[in-house]
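*Asks:* Just so it is clear, I am handing over protein.cif, which has mmCIF, C-alpha atoms.
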```cif
data_query
loop_
_atom_site.group_PDB
_atom_site.id
_atom_site.type_symbol
_atom_site.label_atom_id
_atom_site.label_comp_id
_atom_site.auth_asym_id
_atom_site.auth_seq_id
_atom_site.Cartn_x
_atom_site.Cartn_y
_atom_site.Cartn_z
ATOM 1 C CA MET A 9 52.031 142.945 146.002
ATOM 2 C CA SER A 10 50.451 143.550 149.386
ATOM 3 C CA LEU A 11 49.880 140.342 151.347
ATOM 4 C CA ARG A 12 46.870 141.737 153.197
ATOM 5 C CA THR A 13 43.644 143.522 152.386
ATOM 6 C CA LEU A 14 44.041 147.284 151.956
ATOM 7 C CA ARG A 15 41.567 149.126 154.173
ATOM 8 C CA THR A 16 42.827 152.612 155.055
ATOM 9 C CA PRO A 17 44.177 155.643 153.208
ATOM 10 C CA GLU A 18 47.557 154.813 154.706
ATOM 11 C CA ASP A 19 47.363 151.306 153.248
ATOM 12 C CA LEU A 20 46.530 152.726 149.810
ATOM 13 C CA ILE A 21 49.390 155.225 149.983
ATOM 14 C CA ALA A 22 51.875 152.552 151.121
ATOM 15 C CA ALA A 23 50.771 150.337 148.218
ATOM 16 C CA GLY A 24 51.388 153.180 145.770
ATOM 17 C CA LEU A 25 47.744 153.299 144.654
ATOM 18 C CA VAL A 26 47.129 156.901 145.725
ATOM 19 C CA PRO A 27 49.513 159.809 146.346
ATOM 20 C CA PRO A 28 50.267 161.020 149.897
ATOM 21 C CA ALA A 29 48.529 164.301 149.062
ATOM 22 C CA ALA A 30 45.208 162.399 148.872
ATOM 23 C CA ARG A 31 45.333 161.345 152.540
ATOM 24 C CA ALA A 32 43.050 164.046 153.974
ATOM 25 C CA ALA A 33 40.395 163.728 151.270
ATOM 26 C CA LEU A 34 40.329 159.936 151.477
ATOM 27 C CA THR A 35 40.164 160.037 155.268
ATOM 28 C CA ALA A 36 36.919 161.982 154.860
ATOM 29 C CA VAL A 37 35.597 159.324 152.479
ATOM 30 C CA ALA A 38 36.674 156.542 154.869
ATOM 31 C CA ALA A 39 34.625 158.120 157.652
ATOM 32 C CA ARG A 40 31.498 157.308 155.639
ATOM 33 C CA TYR A 41 32.259 154.399 153.301
ATOM 34 C CA ALA A 42 34.327 151.272 153.876
ATOM 35 C CA THR A 43 37.315 150.268 151.753
ATOM 36 C CA ALA A 44 38.656 146.757 151.254
ATOM 37 C CA ILE A 45 40.899 145.692 148.383
ATOM 38 C CA PRO A 46 42.153 142.107 148.737
ATOM 39 C CA PRO A 47 45.696 141.273 147.575
ATOM 40 C CA GLY A 48 44.636 139.628 144.321
ATOM 41 C CA MET A 49 42.533 142.618 143.298
ATOM 42 C CA ALA A 50 45.203 145.116 144.333
ATOM 43 C CA ALA A 51 47.711 143.288 142.122
ATOM 44 C CA LEU A 52 45.521 143.968 139.076
ATOM 45 C CA ILE A 53 45.505 147.744 139.542
ATOM 46 C CA THR A 54 47.920 149.649 137.329
ATOM 47 C CA ALA A 55 46.408 153.100 137.947
ATOM 48 C CA ARG A 56 43.627 154.697 139.986
ATOM 49 C CA THR A 57 41.642 155.167 136.788
ATOM 50 C CA ASP A 58 42.035 151.719 135.248
ATOM 51 C CA PRO A 59 38.981 149.406 135.225
ATOM 52 C CA ILE A 60 39.910 147.756 138.531
ATOM 53 C CA GLY A 61 41.181 150.890 140.257
ATOM 54 C CA LEU A 62 37.982 152.774 139.454
ATOM 55 C CA GLN A 63 35.852 150.034 140.983
ATOM 56 C CA PHE A 64 37.657 149.790 144.313
ATOM 57 C CA ILE A 65 39.886 152.788 145.095
ATOM 58 C CA PRO A 66 37.938 155.437 147.032
ATOM 59 C CA ASP A 67 37.553 158.896 145.498
ATOM 60 C CA PRO A 68 36.559 162.271 147.021
ATOM 61 C CA ALA A 69 33.697 162.459 144.481
ATOM 62 C CA GLU A 70 31.880 159.886 146.605
ATOM 63 C CA LEU A 71 30.981 162.620 149.078
ATOM 64 C CA THR A 72 29.173 164.668 146.416
ATOM 65 C CA ARG A 73 25.553 163.612 146.146
ATOM 66 C CA ALA A 74 23.665 164.375 142.935
ATOM 67 C CA ALA A 75 20.036 165.464 143.068
ATOM 68 C CA HIS A 76 18.784 162.187 141.560
ATOM 69 C CA GLU A 77 20.709 159.951 143.968
ATOM 70 C CA SER A 78 19.178 158.158 146.945
ATOM 71 C CA ALA A 79 20.450 156.322 150.024
ATOM 72 C CA ASP A 80 17.991 153.525 149.157
ATOM 73 C CA PRO A 81 17.856 153.669 145.343
ATOM 74 C CA ILE A 82 15.833 150.492 144.769
ATOM 75 C CA GLY A 83 13.551 150.805 147.794
ATOM 76 C CA ASP A 84 14.832 147.849 149.812
ATOM 77 C CA ASP A 85 14.259 149.512 153.187
ATOM 78 C CA ALA A 86 10.521 149.946 152.648
ATOM 79 C CA LEU A 87 10.222 146.275 151.653
ATOM 80 C CA SER A 88 11.970 144.835 154.715
ATOM 81 C CA PRO A 89 9.318 143.294 156.995
ATOM 82 C CA ILE A 90 11.936 142.031 159.424
ATOM 83 C CA LYS A 91 15.679 142.542 159.873
ATOM 84 C CA GLY A 92 17.655 140.641 157.220
ATOM 85 C CA ILE A 93 14.698 140.113 154.862
ATOM 86 C CA VAL A 94 13.658 142.046 151.741
ATOM 87 C CA HIS A 95 10.401 140.937 150.115
ATOM 88 C CA ARG A 96 9.943 142.585 146.718
ATOM 89 C CA TYR A 97 8.311 139.832 144.641
ATOM 90 C CA PRO A 98 5.551 137.418 145.753
ATOM 91 C CA ASP A 99 7.591 134.248 145.135
ATOM 92 C CA ARG A 100 11.077 135.453 146.149
ATOM 93 C CA ALA A 101 12.781 137.054 149.110
ATOM 94 C CA LEU A 102 16.263 138.253 149.938
ATOM 95 C CA LEU A 103 18.025 137.034 153.049
ATOM 96 C CA LYS A 104 20.948 139.224 154.123
ATOM 97 C CA PRO A 105 22.867 137.255 156.759
ATOM 98 C CA THR A 106 25.834 139.671 156.705
ATOM 99 C CA LEU A 107 26.586 143.200 155.537
ATOM 100 C CA ALA A 108 30.331 142.658 155.197
ATOM 101 C CA CYS A 109 32.123 141.989 151.883
ATOM 102 C CA PRO A 110 35.600 140.877 150.812
ATOM 103 C CA VAL A 111 35.836 143.980 148.602
ATOM 104 C CA TYR A 112 33.819 147.219 148.644
ATOM 105 C CA CYS A 113 32.668 148.546 145.286
ATOM 106 C CA ARG A 114 32.637 152.327 145.008
ATOM 107 C CA PHE A 115 29.312 152.174 143.127
ATOM 108 C CA CYS A 116 27.481 149.780 145.465
ATOM 109 C CA PHE A 117 23.756 150.508 145.788
ATOM 110 C CA ARG A 118 23.902 149.316 149.405
ATOM 111 C CA ARG A 119 26.912 151.471 150.238
ATOM 112 C CA GLU A 120 25.039 153.235 153.059
ATOM 113 C CA HIS A 121 24.687 149.895 154.870
ATOM 114 C CA VAL A 122 27.580 147.574 154.004
ATOM 115 C CA GLY A 123 30.938 147.569 155.747
ATOM 116 C CA PRO A 124 33.071 145.532 158.128
ATOM 117 C CA ASP A 125 31.039 146.862 161.066
ATOM 118 C CA GLY A 126 27.821 145.601 159.480
ATOM 119 C CA GLY A 127 28.383 142.264 161.136
ATOM 120 C CA VAL A 128 26.099 139.262 160.796
ATOM 121 C CA LEU A 129 22.568 138.585 161.928
ATOM 122 C CA ASN A 130 22.809 137.310 165.462
ATOM 123 C CA ASP A 131 21.204 134.003 166.386
ATOM 124 C CA THR A 132 17.926 135.592 167.455
ATOM 125 C CA GLU A 133 17.720 137.728 164.307
ATOM 126 C CA LEU A 134 18.568 134.794 162.056
ATOM 127 C CA ASP A 135 15.976 132.594 163.772
ATOM 128 C CA ALA A 136 13.376 135.303 163.226
ATOM 129 C CA ALA A 137 14.314 135.779 159.553
ATOM 130 C CA ILE A 138 14.194 132.046 158.792
ATOM 131 C CA GLY A 139 10.956 131.774 160.753
ATOM 132 C CA TRP A 140 9.478 134.532 158.619
ATOM 133 C CA ILE A 141 10.433 132.619 155.458
ATOM 134 C CA ALA A 142 8.923 129.420 156.863
ATOM 135 C CA GLY A 143 5.700 131.303 157.559
ATOM 136 C CA HIS A 144 5.272 132.547 153.980
ATOM 137 C CA PRO A 145 4.475 129.523 151.786
ATOM 138 C CA ALA A 146 4.235 131.581 148.582
ATOM 139 C CA ILE A 147 8.006 132.112 148.674
ATOM 140 C CA ALA A 148 9.710 129.561 146.424
ATOM 141 C CA GLU A 149 13.162 131.145 146.101
ATOM 142 C CA ILE A 150 15.572 132.644 148.612
ATOM 143 C CA ILE A 151 18.410 134.869 147.438
ATOM 144 C CA LEU A 152 21.259 135.149 149.924
ATOM 145 C CA THR A 153 22.972 138.482 149.549
ATOM 146 C CA GLY A 154 24.183 141.268 151.777
ATOM 147 C CA GLY A 155 27.094 141.875 152.056
ATOM 148 C CA ASP A 156 28.594 138.710 150.672
ATOM 149 C CA PRO A 157 27.296 135.435 152.160
ATOM 150 C CA LEU A 158 30.420 133.507 151.117
ATOM 151 C CA ILE A 159 32.546 135.353 153.671
ATOM 152 C CA LEU A 160 30.560 133.731 156.465
ATOM 153 C CA SER A 161 32.223 130.872 158.298
ATOM 154 C CA GLN A 162 31.552 127.523 156.704
ATOM 155 C CA ARG A 163 29.728 126.399 159.842
ATOM 156 C CA ARG A 164 27.417 129.426 159.750
ATOM 157 C CA LEU A 165 26.744 129.117 156.037
ATOM 158 C CA ASP A 166 26.082 125.379 156.318
ATOM 159 C CA ASP A 167 23.595 126.026 159.127
ATOM 160 C CA ILE A 168 21.716 128.634 157.080
ATOM 161 C CA LEU A 169 21.574 126.510 153.932
ATOM 162 C CA THR A 170 20.504 123.414 155.863
ATOM 163 C CA ARG A 171 17.679 125.294 157.565
ATOM 164 C CA LEU A 172 16.484 126.893 154.339
ATOM 165 C CA SER A 173 16.602 123.535 152.534
ATOM 166 C CA ALA A 174 14.350 122.073 155.219
ATOM 167 C CA ILE A 175 11.545 124.535 154.361
ATOM 168 C CA ARG A 176 9.352 122.596 151.946
ATOM 169 C CA HIS A 177 8.062 125.539 149.932
ATOM 170 C CA VAL A 178 11.583 126.875 149.256
ATOM 171 C CA LYS A 179 12.389 125.311 145.878
ATOM 172 C CA ARG A 180 15.526 127.259 144.901
ATOM 173 C CA LEU A 181 18.442 129.026 146.547
ATOM 174 C CA ARG A 182 20.707 131.694 145.096
ATOM 175 C CA ILE A 183 23.884 133.200 146.527
ATOM 176 C CA HIS A 184 25.042 136.540 145.126
ATOM 177 C CA THR A 185 28.788 136.906 145.602
ATOM 178 C CA ARG A 186 32.088 138.402 144.499
ATOM 179 C CA VAL A 187 34.189 135.881 146.406
ATOM 180 C CA PRO A 188 35.280 133.704 143.429
ATOM 181 C CA VAL A 189 37.029 136.714 141.851
ATOM 182 C CA ALA A 190 37.761 138.840 144.948
ATOM 183 C CA ALA A 191 38.884 136.136 147.380
ATOM 184 C CA PRO A 192 39.124 132.917 145.343
ATOM 185 C CA GLU A 193 41.088 131.129 148.058
ATOM 186 C CA ARG A 194 37.827 130.887 150.027
ATOM 187 C CA ILE A 195 36.321 128.535 147.418
ATOM 188 C CA THR A 196 37.659 125.367 148.976
ATOM 189 C CA GLY A 197 36.562 121.803 148.391
ATOM 190 C CA ALA A 198 34.868 121.862 151.797
ATOM 191 C CA LEU A 199 32.907 124.995 150.887
ATOM 192 C CA VAL A 200 31.800 123.430 147.608
ATOM 193 C CA GLU A 201 30.467 120.460 149.579
ATOM 194 C CA THR A 202 28.502 122.870 151.758
ATOM 195 C CA LEU A 203 26.990 124.431 148.636
ATOM 196 C CA ASP A 204 25.882 121.045 147.320
ATOM 197 C CA THR A 205 22.451 121.320 148.914
ATOM 198 C CA GLU A 206 19.395 119.151 148.420
ATOM 199 C CA THR A 207 17.527 122.258 147.289
ATOM 200 C CA PRO A 208 18.868 123.463 143.896
ATOM 201 C CA LEU A 209 21.418 126.230 144.506
ATOM 202 C CA PHE A 210 22.851 128.722 142.037
ATOM 203 C CA ILE A 211 25.850 131.010 142.493
ATOM 204 C CA VAL A 212 25.439 134.447 140.909
ATOM 205 C CA LEU A 213 28.899 135.929 140.411
ATOM 206 C CA HIS A 214 29.375 139.707 140.279
ATOM 207 C CA ALA A 215 32.224 140.701 137.935
ATOM 208 C CA ASN A 216 32.541 143.784 135.747
ATOM 209 C CA HIS A 217 35.755 143.398 133.755
ATOM 210 C CA ALA A 218 37.488 140.502 132.031
ATOM 211 C CA SER A 219 40.699 141.075 133.993
ATOM 212 C CA GLU A 220 38.934 140.040 137.211
ATOM 213 C CA PHE A 221 39.082 136.443 135.945
ATOM 214 C CA THR A 222 42.616 135.721 137.118
ATOM 215 C CA ALA A 223 44.144 132.262 137.168
ATOM 216 C CA ALA A 224 43.132 131.941 140.823
ATOM 217 C CA ALA A 225 39.568 133.013 140.024
ATOM 218 C CA ARG A 226 39.368 130.514 137.168
ATOM 219 C CA ASP A 227 40.555 127.771 139.515
ATOM 220 C CA ALA A 228 37.901 128.749 142.070
ATOM 221 C CA LEU A 229 35.194 128.653 139.409
ATOM 222 C CA ALA A 230 36.475 125.275 138.247
ATOM 223 C CA ARG A 231 36.088 123.947 141.786
ATOM 224 C CA LEU A 232 32.474 125.103 141.793
ATOM 225 C CA ARG A 233 31.970 123.503 138.390
ATOM 226 C CA TYR A 234 33.488 120.190 139.456
ATOM 227 C CA GLY A 235 31.159 120.291 142.453
ATOM 228 C CA GLY A 236 28.166 120.640 140.141
ATOM 229 C CA ILE A 237 27.310 124.189 141.285
ATOM 230 C CA PRO A 238 25.863 126.235 138.388
ATOM 231 C CA VAL A 239 27.180 129.802 138.124
ATOM 232 C CA LEU A 240 25.450 132.797 136.549
ATOM 233 C CA GLY A 241 27.135 136.150 135.945
ATOM 234 C CA GLN A 242 25.897 139.629 136.777
ATOM 235 C CA SER A 243 27.613 142.921 136.021
ATOM 236 C CA VAL A 244 26.958 146.645 136.310
ATOM 237 C CA LEU A 245 27.428 148.950 133.319
ATOM 238 C CA LEU A 246 30.066 151.415 134.530
ATOM 239 C CA ARG A 247 31.684 154.445 132.919
ATOM 240 C CA GLY A 248 35.404 153.850 132.502
ATOM 241 C CA VAL A 249 35.159 150.170 133.415
ATOM 242 C CA ASN A 250 33.120 148.351 130.770
ATOM 243 C CA ASP A 251 31.322 151.069 128.767
ATOM 244 C CA SER A 252 32.536 149.952 125.354
ATOM 245 C CA GLU A 253 31.579 147.223 122.932
ATOM 246 C CA ALA A 254 35.049 145.673 123.231
ATOM 247 C CA ALA A 255 35.053 145.666 127.042
ATOM 248 C CA LEU A 256 31.610 144.074 127.274
ATOM 249 C CA ARG A 257 32.453 141.483 124.619
ATOM 250 C CA ASP A 258 35.626 140.539 126.492
ATOM 251 C CA LEU A 259 33.745 140.358 129.791
ATOM 252 C CA PHE A 260 30.911 138.171 128.529
ATOM 253 C CA GLU A 261 33.134 135.885 126.471
ATOM 254 C CA THR A 262 35.517 135.502 129.417
ATOM 255 C CA MET A 263 32.573 134.523 131.602
ATOM 256 C CA LEU A 264 31.564 131.885 129.078
ATOM 257 C CA SER A 265 35.126 130.572 128.904
ATOM 258 C CA CYS A 266 34.812 129.949 132.659
ATOM 259 C CA ARG A 267 31.372 128.358 132.124
ATOM 260 C CA VAL A 268 29.641 131.309 133.765
ATOM 261 C CA LYS A 269 26.443 132.276 131.939
ATOM 262 C CA PRO A 270 26.085 136.090 131.610
ATOM 263 C CA TYR A 271 22.701 136.671 133.232
ATOM 264 C CA TYR A 272 22.172 140.343 134.116
ATOM 265 C CA LEU A 273 23.831 143.587 133.046
ATOM 266 C CA HIS A 274 22.520 146.160 135.501
ATOM 267 C CA GLN A 275 21.992 149.807 134.841
ATOM 268 C CA LEU A 276 23.808 151.661 137.618
ATOM 269 C CA ASP A 277 21.637 152.237 140.687
ATOM 270 C CA PRO A 278 21.789 155.926 141.712
ATOM 271 C CA ALA A 279 23.363 155.523 145.139
ATOM 272 C CA PRO A 280 24.957 158.636 146.693
ATOM 273 C CA GLY A 281 28.271 159.665 145.180
ATOM 274 C CA THR A 282 28.185 157.324 142.186
ATOM 275 C CA ALA A 283 27.449 159.771 139.340
ATOM 276 C CA ARG A 284 30.948 159.394 137.887
ATOM 277 C CA PHE A 285 30.041 155.812 136.903
ATOM 278 C CA HIS A 286 26.758 156.654 135.171
ATOM 279 C CA VAL A 287 26.195 155.505 131.574
ATOM 280 C CA PRO A 288 22.921 156.723 130.001
ATOM 281 C CA ILE A 289 20.387 154.018 129.220
ATOM 282 C CA ALA A 290 20.356 154.929 125.531
ATOM 283 C CA GLU A 291 24.104 154.314 125.394
ATOM 284 C CA GLY A 292 23.745 150.993 127.190
ATOM 285 C CA ARG A 293 21.061 149.880 124.773
ATOM 286 C CA ALA A 294 23.264 150.832 121.830
ATOM 287 C CA LEU A 295 26.146 148.790 123.247
ATOM 288 C CA LEU A 296 23.974 145.695 123.674
ATOM 289 C CA ALA A 297 22.497 146.156 120.197
ATOM 290 C CA ALA A 298 25.995 146.351 118.713
ATOM 291 C CA LEU A 299 26.937 143.063 120.356
ATOM 292 C CA ARG A 300 23.947 141.178 118.972
ATOM 293 C CA GLY A 301 25.014 139.211 115.947
ATOM 294 C CA THR A 302 28.701 139.613 116.786
ATOM 295 C CA VAL A 303 28.790 137.302 119.816
ATOM 296 C CA SER A 304 26.995 134.093 120.691
ATOM 297 C CA GLY A 305 23.500 134.516 122.046
ATOM 298 C CA THR A 306 24.659 132.644 125.139
ATOM 299 C CA ALA A 307 27.033 135.562 125.835
ATOM 300 C CA LEU A 308 24.283 138.185 126.022
ATOM 301 C CA PRO A 309 22.725 139.003 129.396
ATOM 302 C CA HIS A 310 19.466 140.814 130.076
ATOM 303 C CA TYR A 311 20.058 144.567 130.416
ATOM 304 C CA ILE A 312 18.139 145.487 133.573
ATOM 305 C CA LEU A 313 17.006 148.599 135.414
ATOM 306 C CA ASP A 314 16.227 147.862 139.062
ATOM 307 C CA ALA A 315 13.995 150.402 140.784
ATOM 308 C CA ALA A 316 11.568 150.594 143.688
ATOM 309 C CA GLY A 317 8.786 149.224 141.485
ATOM 310 C CA GLY A 318 10.787 146.176 140.378
ATOM 311 C CA LYS A 319 12.971 145.237 137.441
ATOM 312 C CA THR A 320 12.547 146.599 133.910
ATOM 313 C CA VAL A 321 14.222 144.849 130.969
ATOM 314 C CA LEU A 322 15.969 147.526 128.921
ATOM 315 C CA GLY A 323 17.423 145.282 126.243
#
```
Would you write the structure of this file as structure tokens?

*Replies:*
Amino acid sequence: MSLRTLRTPEDLIAAGLVPPAARAALTAVAARYATAIPPGMAALITARTDPIGLQFIPDPAELTRAAHESADPIGDDALSPIKGIVHRYPDRALLKPTLACPVYCRFCFRREHVGPDGGVLNDTELDAAIGWIAGHPAIAEIILTGGDPLILSQRRLDDILTRLSAIRHVKRLRIHTRVPVAAPERITGALVETLDTETPLFIVLHANHASEFTAAARDALARLRYGGIPVLGQSVLLRGVNDSEAALRDLFETMLSCRVKPYYLHQLDPAPGTARFHVPIAEGRALLAALRGTVSGTALPHYILDAAGGKTVLG
């Protein structure tokens, strides 16, 4: 197993995840979209086309854009009044303090923006973003996303959470993250203490396949649990990854076994070069319908389509 994050075509070839003949094609992909596969995730990949390999190994198909695909598929850019903020709903806003992630999903709807060069909001930009939140008293919930907020330094994250908690009209905080499964070593006791804010805080974990819940990931989730941090689960319905009744059942029941409540199953957002992952809505509805009555109601998430006009519950 590699002891470092795989980031280049050469790294992928050396790890045996792609053949040397793929170098030129993947170099073209790398010029546009970032790659990062941490050691724990790389160890789970048995083939480029297995459920983990599909999610994280780059593919030349990413440079083919279908007619229905968009660089901003859910309309975030038009709803950004200030750098780092997206304001889609009257009572909620997104704060994106970083655009970097521990792992880059090949289907990401923000793939035109995220990457290791995305960096973090600088002090002036962060001050302005938090000032904007403070100046909008109708906003009761802040969702930290990006990028992945849990790759920030503990000092930076603590500063952001402390400042948000001091805004009286902010009643809830959410952090959307892949860190507990992608880089579980980052979920330390000290980080859990940072997440134990006065304002109620929820972790929303992104995971798409049961195999992502390794022993290390389960330990990380246990640390969050022991710290009293509630965790919700969100997934994306993906062709070849979880597009079967058995795969979804395993995913949702594995989440529950880790005390993660399945919350959202997202219909794939049509970002450029993601058509190979598309599952038709009718098929997704049929899969959810087949699960009803065969698994606990606590295992069933909302099946959601996110678009420029907001979320639609599909099932």

*Asks:* Suppose you want the space between atom CA of Val321 of chain A and atom CA of Arg73 of chain A; what is it in Å?

*Replies:*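 These two atoms are separated by 26.7 Å.
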
*Asks:* In Å, rounded to a single decimal, give me how far atom CA of Asp125 of chain A is from atom CA of Leu14 of chain A.

*Replies:*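 Answer for the atom CA of Leu14 of chain A to atom CA of Asp125 of chain A separation: 15.9 Å.
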
*Asks:* Could you tell me how far atom CA of His121 of chain A lies from atom CA of Val244 of chain A, in Å and to one decimal?

*Replies:*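 The value is 19.0 Å.
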
*Asks:* For the file shown, report as an mmCIF file with C-alpha atoms, in the frame of the given file the outcome of the PyMOL selection byres ((chain A and resi 233) around 12) at residue level.

*Replies:*
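Result went into selection.cif, see below:
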```cif
data_model
loop_
_atom_site.group_PDB
_atom_site.id
_atom_site.type_symbol
_atom_site.label_atom_id
_atom_site.label_comp_id
_atom_site.auth_asym_id
_atom_site.auth_seq_id
_atom_site.Cartn_x
_atom_site.Cartn_y
_atom_site.Cartn_z
ATOM 1 C CA PRO A 188 35.280 133.704 143.429
ATOM 2 C CA ILE A 195 36.321 128.535 147.418
ATOM 3 C CA GLY A 197 36.562 121.803 148.391
ATOM 4 C CA VAL A 200 31.800 123.430 147.608
ATOM 5 C CA GLU A 201 30.467 120.460 149.579
ATOM 6 C CA LEU A 203 26.990 124.431 148.636
ATOM 7 C CA ASP A 204 25.882 121.045 147.320
ATOM 8 C CA PHE A 210 22.851 128.722 142.037
ATOM 9 C CA ILE A 211 25.850 131.010 142.493
ATOM 10 C CA ARG A 226 39.368 130.514 137.168
ATOM 11 C CA ASP A 227 40.555 127.771 139.515
ATOM 12 C CA ALA A 228 37.901 128.749 142.070
ATOM 13 C CA LEU A 229 35.194 128.653 139.409
ATOM 14 C CA ALA A 230 36.475 125.275 138.247
ATOM 15 C CA ARG A 231 36.088 123.947 141.786
ATOM 16 C CA LEU A 232 32.474 125.103 141.793
ATOM 17 C CA TYR A 234 33.488 120.190 139.456
ATOM 18 C CA GLY A 235 31.159 120.291 142.453
ATOM 19 C CA GLY A 236 28.166 120.640 140.141
ATOM 20 C CA ILE A 237 27.310 124.189 141.285
ATOM 21 C CA PRO A 238 25.863 126.235 138.388
ATOM 22 C CA VAL A 239 27.180 129.802 138.124
ATOM 23 C CA LEU A 240 25.450 132.797 136.549
ATOM 24 C CA CYS A 266 34.812 129.949 132.659
ATOM 25 C CA ARG A 267 31.372 128.358 132.124
ATOM 26 C CA VAL A 268 29.641 131.309 133.765
#
```

*Asks:* Taking the file as I've supplied it (selection: the PyMOL selection byres ((chain A and resi 64-71) around 7)), which residues are included? Please answer as a list in words.

*Replies:* Ala33, Leu34, Val37, Ile45, Arg56, Ile60, Gly61, Leu62, Gln63, Thr72, Arg73, Tyr112, Cys113, Arg114, Gly281 and Thr282 of chain A

*Asks:* Near segment 176-185 of chain A, counting all atoms listed in the file, which residues have an atom at most 10 Å away, once you skip same-chain residues fewer than 3 positions from it, shown as an MDAnalysis selection string?

*Replies:* chainID A and resid 99:100 102:103 109:110 141:159 169 172:173 188:190 203 205:215 239:242

*Asks:* On this structure, the PyMOL selection byres ((chain A and resi 89) around 12) would catch which residues? List them as a PDB file with C-alpha atoms, keeping the file's coordinate frame, sorted by chain and number.

*Replies:*
```pdb
ATOM      1  CA  ASP A  84      14.832 147.849 149.812  1.00  0.00           C
ATOM      2  CA  ASP A  85      14.259 149.512 153.187  1.00  0.00           C
ATOM      3  CA  ALA A  86      10.521 149.946 152.648  1.00  0.00           C
ATOM      4  CA  LEU A  87      10.222 146.275 151.653  1.00  0.00           C
ATOM      5  CA  SER A  88      11.970 144.835 154.715  1.00  0.00           C
ATOM      6  CA  ILE A  90      11.936 142.031 159.424  1.00  0.00           C
ATOM      7  CA  LYS A  91      15.679 142.542 159.873  1.00  0.00           C
ATOM      8  CA  GLY A  92      17.655 140.641 157.220  1.00  0.00           C
ATOM      9  CA  ILE A  93      14.698 140.113 154.862  1.00  0.00           C
ATOM     10  CA  VAL A  94      13.658 142.046 151.741  1.00  0.00           C
ATOM     11  CA  HIS A  95      10.401 140.937 150.115  1.00  0.00           C
ATOM     12  CA  ARG A  96       9.943 142.585 146.718  1.00  0.00           C
ATOM     13  CA  ALA A 101      12.781 137.054 149.110  1.00  0.00           C
ATOM     14  CA  LEU A 102      16.263 138.253 149.938  1.00  0.00           C
ATOM     15  CA  LEU A 103      18.025 137.034 153.049  1.00  0.00           C
ATOM     16  CA  ALA A 136      13.376 135.303 163.226  1.00  0.00           C
ATOM     17  CA  ALA A 137      14.314 135.779 159.553  1.00  0.00           C
ATOM     18  CA  TRP A 140       9.478 134.532 158.619  1.00  0.00           C
ATOM     19  CA  ILE A 141      10.433 132.619 155.458  1.00  0.00           C
ATOM     20  CA  HIS A 144       5.272 132.547 153.980  1.00  0.00           C
TER      21      HIS A 144
END
```

*Asks:* Rank nothing, just name the residue among A:Ala279, A:Ala191, A:Ala36, A:Leu129 nearest to Thr13 of chain A, using all atoms listed in the file.

*Replies:* A:Ala191

*Asks:* For segment 296-306 of chain A, find every residue with an atom within 12 Å (counting all atoms listed in the file), except residues of its own chain fewer than 4 positions away, and show them as a PyMOL selection string.

*Replies:* chain A and resi 240-241+245+250-265+267-274+289-292+310-312+322-323

*Asks:* Between A:Val187, A:Ala223, A:Ala316, A:Ile138, which residue has the minimum interatomic distance to Asp167 of chain A, considering only C-alpha atoms?

*Replies:*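 Distance minimum relative to Asp167 of chain A lands on A:Ile138.
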